[in-house]
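Colleague: One structure, pasted below without further comment.
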Amino acid sequence: MKLAALSVVAALALSFTNAVHAETVKVGVVPGAYAETIEALIPEAKAAGIDIEPVEFTDWTTPNVALDAGDIDVNYFQHRPFLDNAIKDRGYKLGDVGTGILANIGLYSLKHKSVDEIPENGTVAIANDPVNQGRGLLLIEKAGLIKLREGVGFQGTLDDIVENPRNLSFTEVEGPQLARVTGDVDLALGYPHFIAASGLFDPASGLIYSGIDDRRFAILFAVREDRKNDPLLKKLVDLYQNSDAVRQAADKAYHSNDKLYTLSWLH
């Protein structure tokens with residue numbers, strides 16, 4: 001009986017010790033695949049001594065504000081060009097500790113079955129931030145609907161449209177909300193993870209996609225510059241990249257369609 005009691009005490013002491021040494025990491029995410037894969041990692045991370053606390057945002061501005069202020073430890077929602085633009089515009093001292101999902105983007109319509117059906121004077125919804133707007137405009141150009149000023153690349157804006165033969169009109173929308181306005185326009189830029197999260201239509205129903213070969217658009221684990229070498233945050237990324245639960249959550253979030261995403265660290 002005494003031995004059993006001592007075993008219970010020892011187990012409780014070990015449990016208490018593990019709890020004491022567990023470190024909390026606040027991870028800023030947006031709805032969809034990024035949030036869902038971070039949630040999937042929680043049990044494994046906890047077993048490895050990291051208590052993940054997801055903090056969900058519904059826009060693409062606040063996660064960097066919160067990170068810069070130290071309100072969260074890492075955010076997971078943006079690619080390198082977006083982060084570089086935020087640093088340039090806001091003076092943030094941010095970097096990254098690794099990459100995650102590389103998501104495709106597409107052009108979607110709930111009114112037309114092909115790009116050729118987009119009518120004259122049609123309406124188009126596009127992201128309102130500089131980098132993702134430029135990326136979307138490149139896709140619209142790829143579809144043959146507009147022509148952009150030579151050499152603008154993904155930094156192009158609506159002012160860089162030099163040919164618009166169908167006289168399309170553009171509405172700028174916060175990226176996470178594009179899925180919700182797709183039914184109101186003839187054509188919309190879309191992000192499969194937000195579309196899947198909204199449940200409004202099939203994320204695999206895009207009329208055209210950008211492709212998932214450009215590694216610079218892989219989503220980053222962004223951190224403050226002074227924490228780029230933090231072992232705790234590097235451990236978090238290592239756990240994420242090696243987790244079967246994360247891979248299963250990503251596959252589910254993208255409806256098991258590998259044309260919508262890839263795991264950038266594997267390719």
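Residues are referred to by chain and number: the chain letter is A, B, ... according to the order shown in the structure tokens, the number counts from 1 in that chain, and ligands are numbered separately from 1 in the order shown.
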Might you pull out every residue within 8 Å of Ile161 (chain A), with only C-alpha atoms counted and same-chain residues fewer than 5 positions away left off, and present them as a PyMOL selection string?

Modeller: chain A and resi 146-149

Colleague: Excluding region 49-58 of chain A and its own-chain neighbours fewer than 5 positions away, which residues fall within 9 Å of it when counting only C-alpha atoms? Please give them as a list in words.

Modeller: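 Contacts, in chain order: Asn18, Ala19, His21, Ala22, Glu23, Thr24, Val25, Lys26, Val27, Gly28, Val29, Val30, Pro31, Ala35, Ile38, Glu39, Leu41, Ile42, Pro43, Glu44, Pro63, Ile72, Asn75, Pro176, Gln177, Leu232, Lys235 and Leu236 of chain A.
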
Colleague: Using only C-alpha atoms, find the one residue out of A:Gly134, A:Gly144, A:Gly32, A:Gly106 that sits nearest to Gly199 (chain A).

Modeller: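 Closest to Gly199 (chain A) of all the choices is A:Gly32.
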
Colleague: May I have all residues of region 51-220 of chain A that DSSP, computed from the backbone, assigns to strand (DSSP E or B), given as a ChimeraX atom specification?

Modeller: /A:51-56,74-79,94-103,106-108,123-127,147-148,161-163,169-173,187-190,208-209,218-220

Colleague: Can you build me a table of region 161-254 of chain A residues sitting at most 8 Å from region 116-126 of chain A, with the closest atom pair per residue and its distance in Å to one decimal, using only C-alpha atoms, sorted by chain and residue number, as JSON lines?

Modeller:
```
{"residue": "A:Arg166", "atom": "CA", "partner": "A:Glu120", "partner_atom": "CA", "distance": 4.4}
{"residue": "A:Asn167", "atom": "CA", "partner": "A:Asn121", "partner_atom": "CA", "distance": 4.9}
{"residue": "A:Leu168", "atom": "CA", "partner": "A:Asn121", "partner_atom": "CA", "distance": 4.9}
{"residue": "A:Ser169", "atom": "CA", "partner": "A:Thr123", "partner_atom": "CA", "distance": 5.0}
{"residue": "A:Phe170", "atom": "CA", "partner": "A:Val124", "partner_atom": "CA", "distance": 4.8}
{"residue": "A:Thr171", "atom": "CA", "partner": "A:Ala125", "partner_atom": "CA", "distance": 4.8}
{"residue": "A:Glu172", "atom": "CA", "partner": "A:Ile126", "partner_atom": "CA", "distance": 5.1}
{"residue": "A:Val173", "atom": "CA", "partner": "A:Ile126", "partner_atom": "CA", "distance": 5.9}
{"residue": "A:Gly175", "atom": "CA", "partner": "A:Ile126", "partner_atom": "CA", "distance": 7.7}
{"residue": "A:Leu178", "atom": "CA", "partner": "A:Ala125", "partner_atom": "CA", "distance": 7.0}
{"residue": "A:Val181", "atom": "CA", "partner": "A:Ala125", "partner_atom": "CA", "distance": 7.5}
{"residue": "A:Thr182", "atom": "CA", "partner": "A:Ala125", "partner_atom": "CA", "distance": 7.3}
{"residue": "A:Val185", "atom": "CA", "partner": "A:Thr123", "partner_atom": "CA", "distance": 5.2}
{"residue": "A:Asp186", "atom": "CA", "partner": "A:Thr123", "partner_atom": "CA", "distance": 5.2}
{"residue": "A:Leu187", "atom": "CA", "partner": "A:Val124", "partner_atom": "CA", "distance": 4.8}
{"residue": "A:Ala188", "atom": "CA", "partner": "A:Ala125", "partner_atom": "CA", "distance": 4.6}
{"residue": "A:Leu189", "atom": "CA", "partner": "A:Ile126", "partner_atom": "CA", "distance": 5.3}
```

Colleague: Can you pull out the residues contacting Thr99 (chain A)? Cut-off 9 Å, using only C-alpha atoms, and skip same-chain residues under 3 positions away; I want them as a PyMOL selection string.

Modeller: chain A and resi 79+96+102+218-222+237+241+263-265

Colleague: Could you state the separation of CA of Arg215 (chain A) and CA of Ala69 (chain A) in Å, given to one decimal place?

Modeller: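 One can read the CA of Arg215 (chain A) to CA of Ala69 (chain A) distance as 28.2 Å.
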
Colleague: With distances taken over only C-alpha atoms, which residue among A:Glu150, A:Gly91, A:Thr262, A:Pro192 lies nearest Asp213 (chain A)?

Modeller: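 Of A:Glu150, A:Gly91, A:Thr262, A:Pro192, the one nearest Asp213 (chain A) is A:Thr262, counting only C-alpha atoms.
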
Colleague: I'd like the neighbourhood of Asn257 (chain A) as a PyMOL selection string, where a residue qualifies if any of its atoms comes within 12 Å (using only C-alpha atoms), though same-chain residues fewer than 3 positions away should be ignored.

Modeller: chain A and resi 103-104+192-193+196+202-205+250-254+260-262
